[in-house]
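Next comes query_24.tsv, with TSV, N, CA and C atoms.
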```
chain	number	residue	atom	x	y	z
A	1	MET	N	22.93	4.52	28.58
A	1	MET	CA	21.52	4.59	28.24
A	1	MET	C	20.93	3.18	28.15
A	2	LYS	N	19.83	2.97	28.82
A	2	LYS	CA	19.19	1.66	28.81
A	2	LYS	C	18.41	1.46	27.50
A	3	ARG	N	18.59	0.33	26.91
A	3	ARG	CA	17.88	0.00	25.67
A	3	ARG	C	16.45	-0.41	25.98
A	4	LYS	N	15.57	-0.07	25.06
A	4	LYS	CA	14.19	-0.54	25.17
A	4	LYS	C	14.07	-1.75	24.26
A	5	LYS	N	13.98	-2.93	24.89
A	5	LYS	CA	13.95	-4.20	24.15
A	5	LYS	C	12.54	-4.55	23.69
A	6	VAL	N	12.48	-4.95	22.44
A	6	VAL	CA	11.23	-5.41	21.83
A	6	VAL	C	11.44	-6.87	21.44
A	7	LEU	N	10.45	-7.69	21.73
A	7	LEU	CA	10.54	-9.12	21.47
A	7	LEU	C	9.45	-9.57	20.50
A	8	ILE	N	9.84	-10.38	19.55
A	8	ILE	CA	8.90	-11.01	18.60
A	8	ILE	C	9.19	-12.50	18.59
A	9	PHE	N	8.12	-13.30	18.56
A	9	PHE	CA	8.23	-14.75	18.39
A	9	PHE	C	7.67	-15.11	17.02
A	10	GLY	N	8.22	-16.15	16.39
A	10	GLY	CA	7.63	-16.62	15.14
A	10	GLY	C	8.39	-17.78	14.55
A	11	THR	N	7.82	-18.32	13.49
A	11	THR	CA	8.45	-19.43	12.77
A	11	THR	C	9.41	-18.90	11.71
A	12	PHE	N	8.97	-17.91	10.95
A	12	PHE	CA	9.76	-17.29	9.90
A	12	PHE	C	10.26	-18.33	8.89
A	13	ASP	N	9.29	-19.08	8.38
A	13	ASP	CA	9.57	-20.18	7.45
A	13	ASP	C	9.64	-19.62	6.03
A	14	GLY	N	10.76	-19.03	5.72
A	14	GLY	CA	10.95	-18.34	4.45
A	14	GLY	C	10.72	-16.85	4.69
A	15	LEU	N	11.79	-16.15	5.02
A	15	LEU	CA	11.70	-14.73	5.33
A	15	LEU	C	11.20	-13.97	4.10
A	16	HIS	N	10.16	-13.15	4.28
A	16	HIS	CA	9.58	-12.40	3.16
A	16	HIS	C	9.26	-10.98	3.59
A	17	LYS	N	8.73	-10.18	2.66
A	17	LYS	CA	8.45	-8.77	2.93
A	17	LYS	C	7.49	-8.56	4.09
A	18	GLY	N	6.58	-9.49	4.30
A	18	GLY	CA	5.67	-9.41	5.43
A	18	GLY	C	6.42	-9.48	6.75
A	19	HIS	N	7.41	-10.38	6.83
A	19	HIS	CA	8.24	-10.48	8.03
A	19	HIS	C	9.07	-9.21	8.23
A	20	LEU	N	9.65	-8.72	7.15
A	20	LEU	CA	10.48	-7.51	7.24
A	20	LEU	C	9.64	-6.32	7.70
A	21	ASN	N	8.40	-6.24	7.23
A	21	ASN	CA	7.49	-5.19	7.68
A	21	ASN	C	7.18	-5.37	9.17
A	22	LEU	N	6.98	-6.60	9.59
A	22	LEU	CA	6.73	-6.91	11.00
A	22	LEU	C	7.91	-6.42	11.86
A	23	PHE	N	9.14	-6.72	11.42
A	23	PHE	CA	10.33	-6.27	12.15
A	23	PHE	C	10.40	-4.75	12.20
A	24	SER	N	10.09	-4.12	11.08
A	24	SER	CA	10.11	-2.66	11.00
A	24	SER	C	9.09	-2.03	11.94
A	25	GLN	N	7.88	-2.58	11.95
A	25	GLN	CA	6.85	-2.08	12.87
A	25	GLN	C	7.29	-2.25	14.32
A	26	ALA	N	7.84	-3.42	14.64
A	26	ALA	CA	8.26	-3.72	16.01
A	26	ALA	C	9.37	-2.77	16.45
A	27	LYS	N	10.28	-2.48	15.55
A	27	LYS	CA	11.42	-1.62	15.88
A	27	LYS	C	10.96	-0.21	16.28
A	28	LYS	N	9.78	0.20	15.85
A	28	LYS	CA	9.24	1.51	16.21
A	28	LYS	C	8.84	1.57	17.69
A	29	HIS	N	8.75	0.42	18.33
A	29	HIS	CA	8.36	0.35	19.74
A	29	HIS	C	9.55	0.28	20.69
A	30	GLY	N	10.74	0.28	20.13
A	30	GLY	CA	11.95	0.23	20.96
A	30	GLY	C	13.18	0.39	20.09
A	31	ASP	N	14.34	0.19	20.69
A	31	ASP	CA	15.57	0.37	19.91
A	31	ASP	C	16.44	-0.89	19.83
A	32	TYR	N	15.95	-1.99	20.40
A	32	TYR	CA	16.71	-3.24	20.35
A	32	TYR	C	15.73	-4.38	20.11
A	33	LEU	N	15.77	-4.95	18.91
A	33	LEU	CA	14.81	-5.97	18.51
A	33	LEU	C	15.39	-7.37	18.67
A	34	VAL	N	14.72	-8.17	19.49
A	34	VAL	CA	15.10	-9.56	19.69
A	34	VAL	C	14.02	-10.42	19.03
A	35	VAL	N	14.44	-11.31	18.14
A	35	VAL	CA	13.51	-12.19	17.45
A	35	VAL	C	13.78	-13.62	17.90
A	36	VAL	N	12.73	-14.25	18.43
A	36	VAL	CA	12.85	-15.64	18.87
A	36	VAL	C	12.24	-16.52	17.77
A	37	VAL	N	13.06	-17.40	17.24
A	37	VAL	CA	12.67	-18.29	16.15
A	37	VAL	C	12.23	-19.63	16.73
A	38	ALA	N	11.04	-20.06	16.36
A	38	ALA	CA	10.49	-21.31	16.88
A	38	ALA	C	11.34	-22.51	16.45
A	39	ARG	N	11.51	-23.42	17.38
A	39	ARG	CA	12.23	-24.66	17.09
A	39	ARG	C	11.37	-25.53	16.18
A	40	ASP	N	12.00	-26.40	15.42
A	40	ASP	CA	11.26	-27.29	14.52
A	40	ASP	C	10.20	-28.11	15.26
A	41	LEU	N	10.56	-28.65	16.42
A	41	LEU	CA	9.60	-29.47	17.18
A	41	LEU	C	8.42	-28.65	17.68
A	42	THR	N	8.66	-27.40	18.02
A	42	THR	CA	7.58	-26.52	18.47
A	42	THR	C	6.63	-26.25	17.30
A	43	VAL	N	7.19	-25.99	16.13
A	43	VAL	CA	6.36	-25.74	14.94
A	43	VAL	C	5.50	-26.95	14.64
A	44	LYS	N	6.09	-28.14	14.72
A	44	LYS	CA	5.34	-29.37	14.46
A	44	LYS	C	4.18	-29.52	15.45
A	45	LYS	N	4.46	-29.23	16.72
A	45	LYS	CA	3.44	-29.34	17.76
A	45	LYS	C	2.31	-28.33	17.53
A	46	VAL	N	2.65	-27.10	17.17
A	46	VAL	CA	1.66	-26.04	17.02
A	46	VAL	C	0.91	-26.12	15.69
A	47	LYS	N	1.65	-26.36	14.60
A	47	LYS	CA	1.05	-26.30	13.27
A	47	LYS	C	0.71	-27.67	12.68
A	48	GLY	N	1.21	-28.72	13.33
A	48	GLY	CA	0.91	-30.06	12.85
A	48	GLY	C	1.84	-30.57	11.77
A	49	HIS	N	2.85	-29.79	11.43
A	49	HIS	CA	3.83	-30.20	10.42
A	49	HIS	C	5.15	-29.48	10.67
A	50	LEU	N	6.22	-30.06	10.18
A	50	LEU	CA	7.52	-29.41	10.29
A	50	LEU	C	7.57	-28.20	9.35
A	51	PRO	N	8.38	-27.21	9.67
A	51	PRO	CA	8.52	-26.10	8.73
A	51	PRO	C	9.23	-26.56	7.47
A	52	LYS	N	9.03	-25.82	6.40
A	52	LYS	CA	9.67	-26.14	5.13
A	52	LYS	C	11.19	-25.96	5.24
A	53	ILE	N	11.58	-24.91	5.95
A	53	ILE	CA	13.01	-24.61	6.15
A	53	ILE	C	13.37	-24.96	7.59
A	54	LEU	N	14.43	-25.73	7.76
A	54	LEU	CA	14.81	-26.18	9.11
A	54	LEU	C	15.31	-25.03	9.97
A	55	GLU	N	15.27	-25.25	11.28
A	55	GLU	CA	15.50	-24.19	12.26
A	55	GLU	C	16.82	-23.45	12.12
A	56	ASP	N	17.91	-24.15	11.84
A	56	ASP	CA	19.21	-23.48	11.73
A	56	ASP	C	19.21	-22.45	10.60
A	57	GLU	N	18.61	-22.81	9.48
A	57	GLU	CA	18.56	-21.89	8.33
A	57	GLU	C	17.61	-20.72	8.61
A	58	ARG	N	16.50	-21.00	9.29
A	58	ARG	CA	15.56	-19.92	9.62
A	58	ARG	C	16.21	-18.93	10.57
A	59	LEU	N	16.94	-19.44	11.56
A	59	LEU	CA	17.63	-18.56	12.51
A	59	LEU	C	18.68	-17.71	11.80
A	60	LYS	N	19.46	-18.32	10.92
A	60	LYS	CA	20.49	-17.58	10.17
A	60	LYS	C	19.88	-16.46	9.35
A	61	ALA	N	18.78	-16.75	8.67
A	61	ALA	CA	18.12	-15.75	7.83
A	61	ALA	C	17.63	-14.57	8.66
A	62	VAL	N	17.04	-14.84	9.81
A	62	VAL	CA	16.56	-13.76	10.68
A	62	VAL	C	17.74	-12.97	11.23
A	63	TYR	N	18.77	-13.67	11.64
A	63	TYR	CA	19.94	-13.02	12.22
A	63	TYR	C	20.61	-12.06	11.22
A	64	LYS	N	20.59	-12.40	9.95
A	64	LYS	CA	21.20	-11.57	8.91
A	64	LYS	C	20.42	-10.29	8.64
A	65	CYS	N	19.18	-10.25	9.04
A	65	CYS	CA	18.33	-9.09	8.78
A	65	CYS	C	18.85	-7.88	9.56
A	66	LYS	N	19.05	-6.77	8.87
A	66	LYS	CA	19.62	-5.58	9.50
A	66	LYS	C	18.72	-4.94	10.55
A	67	LEU	N	17.43	-5.21	10.51
A	67	LEU	CA	16.50	-4.65	11.49
A	67	LEU	C	16.59	-5.37	12.84
A	68	VAL	N	17.15	-6.57	12.82
A	68	VAL	CA	17.19	-7.44	14.00
A	68	VAL	C	18.51	-7.28	14.74
A	69	ASN	N	18.43	-7.02	16.04
A	69	ASN	CA	19.64	-6.89	16.86
A	69	ASN	C	20.10	-8.22	17.42
A	70	ASP	N	19.16	-9.12	17.69
A	70	ASP	CA	19.50	-10.43	18.23
A	70	ASP	C	18.45	-11.43	17.77
A	71	ALA	N	18.91	-12.61	17.40
A	71	ALA	CA	18.00	-13.69	17.00
A	71	ALA	C	18.43	-14.94	17.76
A	72	GLN	N	17.46	-15.63	18.31
A	72	GLN	CA	17.78	-16.84	19.08
A	72	GLN	C	16.63	-17.83	19.00
A	73	PHE	N	16.96	-19.07	19.30
A	73	PHE	CA	15.94	-20.11	19.30
A	73	PHE	C	15.02	-19.98	20.50
A	74	GLY	N	13.79	-20.42	20.31
A	74	GLY	CA	12.84	-20.49	21.41
A	74	GLY	C	13.19	-21.65	22.32
A	75	ASN	N	12.57	-21.66	23.47
A	75	ASN	CA	12.75	-22.73	24.44
A	75	ASN	C	11.77	-23.85	24.09
A	76	LEU	N	12.23	-25.07	24.05
A	76	LEU	CA	11.36	-26.19	23.66
A	76	LEU	C	10.23	-26.46	24.66
A	77	LYS	N	10.43	-26.11	25.92
A	77	LYS	CA	9.41	-26.41	26.93
A	77	LYS	C	8.45	-25.26	27.17
A	78	SER	N	8.97	-24.02	27.21
A	78	SER	CA	8.11	-22.89	27.54
A	78	SER	C	8.68	-21.60	26.99
A	79	TYR	N	7.87	-20.90	26.21
A	79	TYR	CA	8.38	-19.63	25.71
A	79	TYR	C	8.36	-18.56	26.78
A	80	TYR	N	7.67	-18.80	27.88
A	80	TYR	CA	7.70	-17.85	28.99
A	80	TYR	C	9.11	-17.78	29.60
A	81	LYS	N	9.86	-18.88	29.51
A	81	LYS	CA	11.24	-18.87	29.99
A	81	LYS	C	12.08	-17.88	29.18
A	82	LYS	N	11.81	-17.80	27.89
A	82	LYS	CA	12.53	-16.85	27.02
A	82	LYS	C	12.18	-15.41	27.41
A	83	ILE	N	10.92	-15.18	27.72
A	83	ILE	CA	10.49	-13.84	28.12
A	83	ILE	C	11.22	-13.44	29.40
A	84	LYS	N	11.27	-14.36	30.36
A	84	LYS	CA	11.94	-14.11	31.64
A	84	LYS	C	13.44	-13.85	31.43
A	85	GLU	N	14.04	-14.59	30.51
A	85	GLU	CA	15.47	-14.46	30.22
A	85	GLU	C	15.78	-13.13	29.50
A	86	ILE	N	14.98	-12.78	28.51
A	86	ILE	CA	15.24	-11.60	27.68
A	86	ILE	C	14.79	-10.30	28.38
A	87	LYS	N	13.72	-10.37	29.15
A	87	LYS	CA	13.17	-9.21	29.88
A	87	LYS	C	12.87	-8.03	28.95
A	88	PRO	N	12.01	-8.25	27.96
A	88	PRO	CA	11.68	-7.13	27.06
A	88	PRO	C	10.74	-6.13	27.74
A	89	GLN	N	10.73	-4.91	27.22
A	89	GLN	CA	9.75	-3.93	27.68
A	89	GLN	C	8.48	-4.04	26.83
A	90	VAL	N	8.64	-4.58	25.62
A	90	VAL	CA	7.51	-4.70	24.68
A	90	VAL	C	7.56	-6.08	24.02
A	91	ILE	N	6.40	-6.72	23.90
A	91	ILE	CA	6.27	-7.92	23.08
A	91	ILE	C	5.33	-7.56	21.94
A	92	CYS	N	5.81	-7.73	20.72
A	92	CYS	CA	4.98	-7.47	19.55
A	92	CYS	C	4.47	-8.80	18.99
A	93	LEU	N	3.18	-8.84	18.73
A	93	LEU	CA	2.54	-10.03	18.17
A	93	LEU	C	2.14	-9.75	16.73
A	94	GLY	N	2.32	-10.73	15.88
A	94	GLY	CA	1.86	-10.60	14.51
A	94	GLY	C	0.34	-10.52	14.47
A	95	TYR	N	-0.19	-9.95	13.42
A	95	TYR	CA	-1.65	-9.76	13.30
A	95	TYR	C	-2.41	-11.08	13.39
A	96	ASP	N	-1.78	-12.16	12.96
A	96	ASP	CA	-2.45	-13.46	12.93
A	96	ASP	C	-1.91	-14.45	13.96
A	97	GLN	N	-1.09	-13.96	14.87
A	97	GLN	CA	-0.45	-14.84	15.85
A	97	GLN	C	-1.47	-15.27	16.91
A	98	ILE	N	-1.66	-16.57	17.03
A	98	ILE	CA	-2.61	-17.08	18.01
A	98	ILE	C	-1.98	-18.08	18.97
A	99	ALA	N	-0.91	-18.72	18.57
A	99	ALA	CA	-0.27	-19.72	19.43
A	99	ALA	C	0.35	-19.05	20.66
A	100	PHE	N	0.13	-19.64	21.80
A	100	PHE	CA	0.75	-19.26	23.07
A	100	PHE	C	0.29	-17.93	23.66
A	101	ILE	N	-0.68	-17.25	23.07
A	101	ILE	CA	-1.00	-15.92	23.60
A	101	ILE	C	-2.18	-15.92	24.56
A	102	ASP	N	-2.88	-17.05	24.70
A	102	ASP	CA	-4.05	-17.13	25.56
A	102	ASP	C	-3.79	-16.59	26.97
A	103	ASN	N	-2.71	-17.04	27.57
A	103	ASN	CA	-2.40	-16.68	28.96
A	103	ASN	C	-1.21	-15.74	29.08
A	104	LEU	N	-0.87	-15.07	27.99
A	104	LEU	CA	0.33	-14.25	27.97
A	104	LEU	C	0.36	-13.20	29.09
A	105	GLU	N	-0.71	-12.44	29.23
A	105	GLU	CA	-0.73	-11.38	30.25
A	105	GLU	C	-0.62	-11.96	31.66
A	106	LYS	N	-1.33	-13.06	31.93
A	106	LYS	CA	-1.26	-13.70	33.25
A	106	LYS	C	0.14	-14.22	33.54
A	107	GLU	N	0.77	-14.83	32.54
A	107	GLU	CA	2.12	-15.39	32.72
A	107	GLU	C	3.14	-14.27	32.96
A	108	ILE	N	2.96	-13.15	32.28
A	108	ILE	CA	3.86	-12.01	32.48
A	108	ILE	C	3.72	-11.48	33.90
A	109	GLU	N	2.49	-11.43	34.39
A	109	GLU	CA	2.26	-11.01	35.78
A	109	GLU	C	2.97	-11.95	36.75
A	110	LYS	N	2.90	-13.25	36.48
A	110	LYS	CA	3.53	-14.25	37.36
A	110	LYS	C	5.04	-14.05	37.47
A	111	ILE	N	5.66	-13.68	36.35
A	111	ILE	CA	7.13	-13.51	36.38
A	111	ILE	C	7.51	-12.08	36.77
A	112	LYS	N	6.50	-11.30	37.15
A	112	LYS	CA	6.69	-9.96	37.71
A	112	LYS	C	7.48	-9.02	36.81
A	113	LEU	N	7.11	-9.02	35.53
A	113	LEU	CA	7.71	-8.08	34.60
A	113	LEU	C	6.61	-7.15	34.07
A	114	LYS	N	6.98	-5.93	33.81
A	114	LYS	CA	6.03	-4.98	33.23
A	114	LYS	C	6.34	-4.92	31.74
A	115	ILE	N	5.46	-5.51	30.95
A	115	ILE	CA	5.68	-5.62	29.51
A	115	ILE	C	4.43	-5.16	28.77
A	116	GLU	N	4.65	-4.27	27.81
A	116	GLU	CA	3.55	-3.82	26.95
A	116	GLU	C	3.38	-4.86	25.83
A	117	ILE	N	2.14	-5.21	25.54
A	117	ILE	CA	1.86	-6.15	24.45
A	117	ILE	C	1.21	-5.37	23.32
A	118	VAL	N	1.81	-5.47	22.14
A	118	VAL	CA	1.34	-4.72	20.98
A	118	VAL	C	1.00	-5.70	19.85
A	119	ARG	N	-0.17	-5.54	19.27
A	119	ARG	CA	-0.57	-6.34	18.10
A	119	ARG	C	-0.21	-5.52	16.86
A	120	LEU	N	0.64	-6.08	15.99
A	120	LEU	CA	1.07	-5.36	14.80
A	120	LEU	C	0.08	-5.52	13.65
A	121	LYS	N	0.17	-4.63	12.71
A	121	LYS	CA	-0.76	-4.63	11.57
A	121	LYS	C	-0.25	-5.54	10.45
A	122	PRO	N	-1.17	-6.10	9.67
A	122	PRO	CA	-0.74	-6.95	8.55
A	122	PRO	C	-0.13	-6.11	7.43
A	123	TYR	N	0.72	-6.75	6.65
A	123	TYR	CA	1.31	-6.12	5.47
A	123	TYR	C	0.96	-7.01	4.28
A	124	GLN	N	0.04	-6.55	3.48
A	124	GLN	CA	-0.41	-7.30	2.29
A	124	GLN	C	-0.57	-8.79	2.60
A	125	PRO	N	-1.47	-9.14	3.54
A	125	PRO	CA	-1.58	-10.53	4.00
A	125	PRO	C	-2.04	-11.52	2.93
A	126	LYS	N	-2.68	-11.05	1.88
A	126	LYS	CA	-3.09	-11.98	0.82
A	126	LYS	C	-1.91	-12.32	-0.09
A	127	LYS	N	-0.84	-11.55	0.04
A	127	LYS	CA	0.34	-11.76	-0.79
A	127	LYS	C	1.53	-12.30	0.03
A	128	TYR	N	1.76	-11.70	1.21
A	128	TYR	CA	2.92	-12.06	2.02
A	128	TYR	C	2.50	-12.75	3.30
A	129	LYS	N	2.33	-14.04	3.20
A	129	LYS	CA	1.99	-14.87	4.36
A	129	LYS	C	2.70	-16.20	4.09
A	130	SER	N	3.49	-16.66	5.05
A	130	SER	CA	4.31	-17.85	4.82
A	130	SER	C	3.48	-19.05	4.36
A	131	SER	N	2.31	-19.26	4.95
A	131	SER	CA	1.53	-20.43	4.58
A	131	SER	C	1.10	-20.36	3.11
A	132	LEU	N	0.82	-19.16	2.61
A	132	LEU	CA	0.45	-19.00	1.20
A	132	LEU	C	1.69	-19.15	0.30
A	133	LEU	N	2.77	-18.49	0.68
A	133	LEU	CA	3.99	-18.53	-0.13
A	133	LEU	C	4.55	-19.94	-0.20
A	134	ASN	N	4.49	-20.68	0.90
A	134	ASN	CA	5.03	-22.05	0.90
A	134	ASN	C	4.17	-23.00	0.08
A	135	LYS	N	2.87	-22.71	-0.05
A	135	LYS	CA	2.00	-23.54	-0.91
A	135	LYS	C	2.38	-23.34	-2.37
A	136	LYS	N	2.70	-22.10	-2.75
A	136	LYS	CA	3.05	-21.78	-4.14
A	136	LYS	C	4.31	-22.49	-4.59
A	137	THR	N	5.24	-22.69	-3.65
A	137	THR	CA	6.51	-23.31	-4.01
A	137	THR	C	6.54	-24.81	-3.73
A	138	ALA	N	5.49	-25.33	-3.16
A	138	ALA	CA	5.45	-26.75	-2.82
A	138	ALA	C	5.28	-27.62	-4.05
```

Show me the file's structure as structure tokens.
Amino acid sequence: MKRKKVLIFGTFDGLHKGHLNLFSQAKKHGDYLVVVVARDLTVKKVKGHLPKILEDERLKAVYKCKLVNDAQFGNLKSYYKKIKEIKPQVICLGYDQIAFIDNLEKEIEKIKLKIEIVRLKPYQPKKYKSSLLNKKTA
């Protein structure tokens, strides 16, 4: 039986209930969840600062999550390379995810894959959002 792969990208800088809810929602769109964890340099480029938790620890935390079937680092040059490598049937985007999605549909067409793009719903965003949680502990 062929697995239906679902792909999520993110920083996951301190895994929290919002992330777990995101994984749970994504898992409803397939049976094999692959989570791509942003590299430290990518986070710095996109957000203007390094993550609070370094990439190795963030990857380990995601990998330990029982909802996740595979966790791996993103590609430093292009996340489209990861999409081509993983070949998901579904890409799930967080409710607030804006980085790299401008040309997502066009890039997927270029690599000739048929991928459904799903925007997931927020889970208590005023309470469970990494940028808010990391400010509280800073």

Distance query region 88-98 of chain A at most 6.5 Å, only N, CA and C atoms, self and fewer than 3 positions along chain excluded, as a ChimeraX atom specification:
/A:4-9,26,83,85,101-102,114-122

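For the pair CA of Lys17 (chain A) and CA of His29 (chain A), the separation is 19.1 Å.
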
Taking all atoms listed in the file into account, name the residue in A:Leu22, A:Leu59, A:Ile108, A:Leu67 that is nearest to Tyr80 (chain A).
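Using all atoms listed in the file, the shortest distance to Tyr80 (chain A) belongs to A:Ile108.
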
Mind giving me the straight-line distance from CA of Gly74 (chain A) to atom N of Gly30 (chain A) in Å, one decimal?
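Interatomic distance, CA of Gly74 (chain A) to atom N of Gly30 (chain A): 20.9 Å.
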
Using backbone DSSP assignments, extract all alpha helix (DSSP H) residues from region 30-63 of chain A; output them as a PyMOL selection string.
chain A and resi 40-47+55-63

For region 46-55 of chain A, find every residue with an atom within 8 Å (counting all atoms listed in the file), except residues of its own chain fewer than 2 positions away, and show them as a list of chain:residue names.
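That gives A:Thr11, A:Phe12, A:Asp13, A:Gly14, A:Val37, A:Ala38, A:Arg39, A:Asp40, A:Leu41, A:Thr42, A:Val43, A:Lys44, A:Glu57, A:Arg58, A:Leu59, A:Lys60, A:Ala61, A:Phe73, A:Ala99, A:Asn134.
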
Between CA of Asp70 (chain A) and CA of Leu33 (chain A), distance in Å (one decimal)
6.5 Å

Would you mind telling me which residue in A:Val68, A:Lys82, A:Asn103, A:Leu76 lies nearest to Val34 (chain A) when using only N, CA and C atoms?
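Nearest candidate to Val34 (chain A) out of A:Val68, A:Lys82, A:Asn103, A:Leu76: A:Val68.
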